[in-house]
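Engineer: My questions will all concern the structure given below.
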Amino acid sequence: MKKIGVAILGFGTVGCGTYNILTERREQIKIEYGIDITVSAILVRNTHKAVANGAPQELVTDSIEEIVSNPSIDIVAECIGGIEPAKTYLIESLKCGKSIVTANKELFAKHWGELEKYAAETKAGLYFEATCGGGIPVIRTLTQAMQANTLLQIKGIINGTTNYILSRMSDEGASYDDVLRDAQALGFAESDPTADVEGYDASYKLSILSSLAFNRFLPVENIYREGISNIKIEDINIGKKLGYTIKLLAIAKLIDGKIEARVHPVFLKNSHPLASVSGSFNAVFLVGDNVGEIMLYGRGAGSLPTGSAVVSDIVFAARQIEHARYSEIADVIKKSEVISDFTSDYYLRMTVLDVQGVLSQITSIFASNNVSITSMRQDSGAGVVSIVFVTHKSNENNIKKAIAELSSLSEVQAVNALIRVEK
Ligand code: NDP
Ligand code: HSE
């Protein structure tokens, strides 16, 4: 029977889930795939902590040299996170011909090309299913199942932490800070949760998914990004009355050979298939020219769902005679031409003085910027009113120009919220 040795780097949420699945399923994997996969080493910074968390003492090390120089280790699974030392550890492993599996989307999105170069030199494998969508096999779908299609669009909820936070704010009226703490305790959030709540994590994932889908590298910097930290319960509640659910959406579209890519909160009509994806669940909606629409759904974060994706990569890598190369995406294909302006419907909430003529001033600013209104609702207060507009499809630059002009009116106290509405 083929024997494969694995080193797991990191023994936190993902590393521990990976270890538990590999050890529990060892016999089953032998039966189903004819491969005996052994965990030969676990690398951490704090060895005592890892042992206290269930790692066998004899496997734990803090030395990458021990791992890269060990000929019985074939695959290195990186579950540390961040750029360094993870990047150096992966490069050292690739240089020694060991295939790598990683859950680290930040590292992968930012340094895919460099990792691919080292992997190609030693013909080692590069596997990254766990970088996007937790337990959802979305990378495998894009790389193994879409040969008959030109992909046209990706739309997804691809960050579990923000989906968990928005779902609980919406369902229970829970406070943002409390739910963020819960998401951290459950192991969904990144070590610095700013990456989740400000949309960086979703941008890394969108960069990877879009590059695979459209066969051209999409750098993270080319993705428009807004997070959820400014979303107020008040807007979530008004949105509910309008029939909307709030989500952090990642969108990439191929339009006339160019890529439109963005991550930001949206109001989705309650009837939209993505509106019912709640808690730490993720969903990715793909559109191909021949297959039409596909929706993949599952847990987007957490120990065992993510461990499931890492183990799937380990078994997949162990069975390959020759590993797939991504040089075209990483190096050769020109960087994406990116569309920096886009169109959407918009939800706008503002606080204005309750004086004669204010509405006509506001609507004339909309009109002069080619923004047309679908609906308006007004809640009265003492001398000030809160007004909510929903627009027809408008141009992002035009709406931002209109907001700048509205903010300069003495009767407008504040433009409190701007949320895109996705149909
Ligand atoms: P954790 O913080 O839970 O675990 C990180 C592990 O890495 C710890 O065991 C830590 O050891 C170890 N580590 C940290 N720094 C070093 C270092 N310098 N040298 C050696 N070991 C180190 O993180 P997660 O498991 O949550 O995340 C790991 C990766 O997986 C990240 O890239 C993350 O983005 C990704 N991911 C996470 C998901 C999740 O649901 N949590 C889902 C999908 C991907 P020590 O405790 O000793 O510092
Ligand atoms: N922090 C990430 C999330 C982990 O919440 O989606 C999964 O990639």
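Lettering and numbering for the structure tokens are positional, with chains as A, B, ... in the shown order, residues counted from 1 in each chain, and ligands counted from 1 in the shown order.
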Please find the residues contacting ligand 1 at a distance of at most 8 Å between atoms, with only C-alpha atoms and all ligand atoms counted, and report them as a PyMOL selection string.
Structural biologist: chain A and resi 9-16+43-47+49-50+62+78-82+84-86+102-107+130-134+160+187-191+201+300-303+305-306
Engineer: Would you kindly return, as JSON, numbers by chain, each protein, DNA or RNA residue with an atom no farther than 10 Å from any atom of Asn70 (chain A), considering only C-alpha atoms and excluding same-chain residues fewer than 4 positions away?
Structural biologist: {"A": [5, 7, 40, 41, 64, 65, 66, 74, 96]}
Engineer: Between A:Thr391, A:Ser408, A:Asn397, A:Ser167, which has the minimum distance to Thr245 (chain A) (counting only C-alpha atoms)?
Structural biologist: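 Using only C-alpha atoms, the shortest distance to Thr245 (chain A) belongs to A:Ser167.
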Engineer: Please list as a PDB file with N, CA and C atoms, in the first residue's frame every residue within 10 Å of Ile373 (chain A), counting only C-alpha atoms and excluding residues in the same chain fewer than 3 positions away.
Structural biologist:
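See around18.pdb below for the written result:
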```
ATOM      1  N   ASP A 345     -28.550  49.001  -7.972  1.00  0.00           N
ATOM      2  CA  ASP A 345     -29.600  49.756  -7.306  1.00  0.00           C
ATOM      3  C   ASP A 345     -29.023  50.155  -5.940  1.00  0.00           C
ATOM      4  N   TYR A 346     -29.532  51.213  -5.360  1.00  0.00           N
ATOM      5  CA  TYR A 346     -28.972  51.691  -4.091  1.00  0.00           C
ATOM      6  C   TYR A 346     -30.069  51.995  -3.078  1.00  0.00           C
ATOM      7  N   TYR A 347     -29.720  51.722  -1.803  1.00  0.00           N
ATOM      8  CA  TYR A 347     -30.536  52.144  -0.657  1.00  0.00           C
ATOM      9  C   TYR A 347     -29.771  53.289  -0.002  1.00  0.00           C
ATOM     10  N   THR A 363     -34.275  65.779  -4.793  1.00  0.00           N
ATOM     11  CA  THR A 363     -34.599  65.051  -6.023  1.00  0.00           C
ATOM     12  C   THR A 363     -33.941  65.703  -7.241  1.00  0.00           C
ATOM     13  N   PHE A 366     -30.466  64.291  -7.406  1.00  0.00           N
ATOM     14  CA  PHE A 366     -30.520  62.940  -7.988  1.00  0.00           C
ATOM     15  C   PHE A 366     -30.658  63.040  -9.514  1.00  0.00           C
ATOM     16  N   ALA A 367     -31.610  63.872  -9.949  1.00  0.00           N
ATOM     17  CA  ALA A 367     -31.898  63.957 -11.393  1.00  0.00           C
ATOM     18  C   ALA A 367     -30.670  64.446 -12.168  1.00  0.00           C
ATOM     19  N   ASN A 370     -28.287  61.702 -12.917  1.00  0.00           N
ATOM     20  CA  ASN A 370     -28.870  60.523 -13.586  1.00  0.00           C
ATOM     21  C   ASN A 370     -29.224  59.398 -12.618  1.00  0.00           C
ATOM     22  N   MET A 376     -39.540  55.886  -1.921  1.00  0.00           N
ATOM     23  CA  MET A 376     -39.089  56.780  -0.859  1.00  0.00           C
ATOM     24  C   MET A 376     -39.955  56.561   0.367  1.00  0.00           C
ATOM     25  N   PHE A 389     -34.354  56.407   0.474  1.00  0.00           N
ATOM     26  CA  PHE A 389     -34.613  56.275  -0.962  1.00  0.00           C
ATOM     27  C   PHE A 389     -34.078  54.929  -1.436  1.00  0.00           C
ATOM     28  N   VAL A 390     -34.798  54.302  -2.352  1.00  0.00           N
ATOM     29  CA  VAL A 390     -34.220  53.187  -3.104  1.00  0.00           C
ATOM     30  C   VAL A 390     -34.222  53.629  -4.563  1.00  0.00           C
ATOM     31  N   THR A 391     -33.062  53.442  -5.214  1.00  0.00           N
ATOM     32  CA  THR A 391     -32.937  53.946  -6.593  1.00  0.00           C
ATOM     33  C   THR A 391     -33.131  52.810  -7.604  1.00  0.00           C
ATOM     34  N   HIS A 392     -33.351  53.225  -8.844  1.00  0.00           N
ATOM     35  CA  HIS A 392     -33.235  52.295  -9.966  1.00  0.00           C
ATOM     36  C   HIS A 392     -31.745  52.051 -10.194  1.00  0.00           C
ATOM     37  N   LYS A 393     -31.439  51.203 -11.161  1.00  0.00           N
ATOM     38  CA  LYS A 393     -30.034  50.910 -11.463  1.00  0.00           C
ATOM     39  C   LYS A 393     -29.317  52.222 -11.795  1.00  0.00           C
ATOM     40  N   SER A 394     -28.256  52.496 -11.071  1.00  0.00           N
ATOM     41  CA  SER A 394     -27.514  53.740 -11.270  1.00  0.00           C
ATOM     42  C   SER A 394     -26.038  53.424 -11.322  1.00  0.00           C
TER      43      SER A 394
END
```
Engineer: Restricting the calculation to only C-alpha atoms and all ligand atoms: of A:Gln147, A:Ser360, A:Thr161, A:Ser312, which residue gets closest to ligand 2?
Structural biologist: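 Among the listed residues, the smallest separation from ligand 2 belongs to A:Thr161.
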Engineer: Measure the distance from CA of Lys258 (chain A) to CA of Ser340 (chain A) in Å and round it to one decimal.
Structural biologist: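 Going from CA of Lys258 (chain A) over to CA of Ser340 (chain A), I get 10.2 Å.
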Engineer: Between CA of Glu226 (chain A) and CA of Arg262 (chain A), what is the distance in Å, rounded to a tenth?
Structural biologist: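 CA of Glu226 (chain A) sits 8.4 Å away from CA of Arg262 (chain A).
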Engineer: Could you find all residues in region 111-258 of chain A that DSSP calls alpha helix (DSSP H) from the backbone, and write them as number ranges by chain?
Structural biologist: A: 111-122, 138-144, 160-172, 176-185, 194-197, 200-214, 233-241
Engineer: From region 194-367 of chain A, collect each residue whose DSSP state is strand (DSSP E) and return the set as a PyMOL selection string.
Structural biologist: chain A and resi 224-225+244-255+258-269+281-288+292-299+343-353
Engineer: What gap, in Å, lies between CA of Lys98 (chain A) and CA of Ile73 (chain A)?
Structural biologist: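 Straight-line distance from CA of Lys98 (chain A) to CA of Ile73 (chain A) works out to 7.4 Å.
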Engineer: Hey, which of A:Glu322, A:Glu27, A:Glu293, A:Glu129 ends up closest to ligand 2? Count only C-alpha atoms and all ligand atoms.
Structural biologist: A:Glu129
Engineer: Tell me which protein, DNA and RNA residues are within 12 Å of Pro265 (chain A), counting only C-alpha atoms, leaving out same-chain ones fewer than 6 positions away, and put them as a VMD selection string.
Structural biologist: chain A and resid 156 to 157 159 162 to 163 166 197 to 199 202 224 to 232 235 to 236 245 to 251 346 to 347 417 to 422
